[in-house]
$ cat coords_37.tsv   # TSV, C-alpha atoms and all ligand atoms
chain	number	residue	atom	x	y	z
C	163	MET	CA	-28.60	11.74	-21.68
C	164	SER	CA	-31.65	13.04	-23.47
C	165	THR	CA	-33.50	12.15	-26.63
C	166	ALA	CA	-35.74	14.30	-28.79
C	167	THR	CA	-37.74	13.49	-31.88
C	168	PHE	CA	-38.44	15.87	-34.74
C	169	THR	CA	-40.11	15.53	-38.11
C	170	VAL	CA	-38.17	16.56	-41.21
C	171	THR	CA	-39.95	17.41	-44.43
C	172	GLY	CA	-38.52	17.44	-47.93
C	173	MET	CA	-36.34	14.33	-47.85
C	174	THR	CA	-36.72	12.11	-50.89
C	175	CYS	CA	-33.86	9.61	-50.86
C	176	GLY	CA	-30.96	8.10	-48.96
C	177	HIS	CA	-28.75	11.02	-49.87
C	178	CYS	CA	-31.13	13.38	-48.12
C	179	VAL	CA	-30.96	11.18	-45.02
C	180	ALA	CA	-27.15	11.25	-45.15
C	181	SER	CA	-27.11	15.04	-45.47
C	182	VAL	CA	-29.42	15.55	-42.49
C	183	THR	CA	-27.51	13.01	-40.40
C	184	GLU	CA	-24.18	14.64	-41.19
C	185	GLU	CA	-25.34	18.17	-40.30
C	186	VAL	CA	-27.18	17.22	-37.12
C	187	GLN	CA	-24.20	15.17	-35.90
C	188	GLU	CA	-22.20	18.39	-35.91
C	189	VAL	CA	-24.50	20.04	-33.34
C	190	PRO	CA	-22.51	20.36	-30.08
C	191	GLY	CA	-23.34	17.63	-27.54
C	192	VAL	CA	-25.14	15.38	-30.01
C	193	THR	CA	-24.08	11.75	-29.62
C	194	GLY	CA	-26.56	9.99	-31.88
C	195	VAL	CA	-28.73	10.75	-34.91
C	196	ASP	CA	-31.33	8.48	-36.47
C	197	VAL	CA	-33.31	9.47	-39.55
C	198	VAL	CA	-36.16	7.49	-41.09
C	199	LEU	CA	-36.74	8.48	-44.70
C	200	GLU	CA	-40.28	7.12	-44.98
C	201	THR	CA	-41.68	9.07	-42.01
C	202	GLY	CA	-39.21	11.94	-41.77
C	203	ALA	CA	-38.62	11.02	-38.13
C	204	LEU	CA	-35.39	12.50	-36.78
C	205	THR	CA	-34.29	11.18	-33.40
C	206	VAL	CA	-31.46	13.03	-31.72
C	207	THR	CA	-29.58	11.78	-28.67
C	208	SER	CA	-27.43	14.12	-26.65
C	209	ASP	CA	-25.14	14.15	-23.61
C	210	SER	CA	-26.79	17.28	-22.32
C	211	SER	CA	-30.12	18.91	-23.06
C	212	ILE	CA	-30.83	19.16	-26.77
C	213	ASP	CA	-30.60	22.59	-28.34
C	214	GLU	CA	-33.70	22.48	-30.53
C	215	ALA	CA	-32.81	25.72	-32.29
C	216	ALA	CA	-29.42	24.29	-33.24
C	217	VAL	CA	-31.04	21.10	-34.56
C	218	LYS	CA	-33.47	23.18	-36.62
C	219	GLU	CA	-30.59	25.23	-37.99
C	220	ALA	CA	-28.65	22.07	-38.89
C	221	VAL	CA	-31.64	20.58	-40.73
C	222	GLU	CA	-32.09	23.83	-42.64
C	223	GLU	CA	-28.37	23.90	-43.37
C	224	ALA	CA	-28.80	20.48	-45.00
C	225	GLY	CA	-31.59	21.96	-47.15
C	226	TYR	CA	-34.69	20.63	-45.37
C	227	GLN	CA	-37.30	21.86	-42.90
C	228	LEU	CA	-38.68	20.73	-39.57
C	229	SER	CA	-42.46	20.42	-39.76
J	301	CU	CU	-32.22	12.84	-51.55
$ encode --input "coords_37.tsv" --output "structure tokens" --more "lines below"
Ligand SMILES: [Cu+2]
Amino acid sequence: MSTATFTVTGMTCGHCVASVTEEVQEVPGVTGVDVVLETGALTVTSDSSIDEAAVKEAVEEAGYQLS
């Protein structure tokens, strides 16, 4: 299991958090997603090594950016 932390910019409310969570959960291998609105902290837990490019893509798909 591995864990990686990213910082998401552009989130303003709980709906943003839900959107990011939903998209990142769809990344293959991801088993857990935690998003903190106040800090933009995105913590991703995965069975295997975390595909950072796929996480970035998922965040962008949700309409936000990684800082
Ligand atoms: Cu929002």
$ residues_around --input "coords_37.tsv" --residues "region 210-227 of chain C" --least-positions-apart "3" --cutoff "10 Å" --atoms "only C-alpha atoms" --output "PyMOL selection string"
chain C and resi 163-173+178-193+204+206-207
$ atom_distance --input "coords_37.tsv" --atom1 "CA of His177 (chain C)" --atom2 "atom CU of ligand CU 301 (chain J)"
4.3 Å
$ closest_residue --input "coords_37.tsv" --among "C:Ser229, C:Leu199, C:Thr205, C:Gly194" --to "ligand CU 301 (chain J)" --atoms "only C-alpha atoms and all ligand atoms"
C:Leu199
$ residues_near_point --input "coords_37.tsv" --point "(-41.8, 3.8, -46.5)" --cutoff "12 Å" --atoms "all atoms listed in the file" --output "mmCIF file with C-alpha atoms, in the coordinates of the input"
data_model
loop_
_atom_site.group_PDB
_atom_site.id
_atom_site.type_symbol
_atom_site.label_atom_id
_atom_site.label_comp_id
_atom_site.auth_asym_id
_atom_site.auth_seq_id
_atom_site.Cartn_x
_atom_site.Cartn_y
_atom_site.Cartn_z
ATOM 1 C CA MET C 173 -36.340 14.330 -47.850
ATOM 2 C CA THR C 174 -36.720 12.110 -50.890
ATOM 3 C CA CYS C 175 -33.860 9.610 -50.860
ATOM 4 C CA GLY C 176 -30.960 8.100 -48.960
ATOM 5 C CA VAL C 198 -36.160 7.490 -41.090
ATOM 6 C CA LEU C 199 -36.740 8.480 -44.700
ATOM 7 C CA GLU C 200 -40.280 7.120 -44.980
ATOM 8 C CA THR C 201 -41.680 9.070 -42.010
ATOM 9 C CA GLY C 202 -39.210 11.940 -41.770
ATOM 10 C CA ALA C 203 -38.620 11.020 -38.130
#
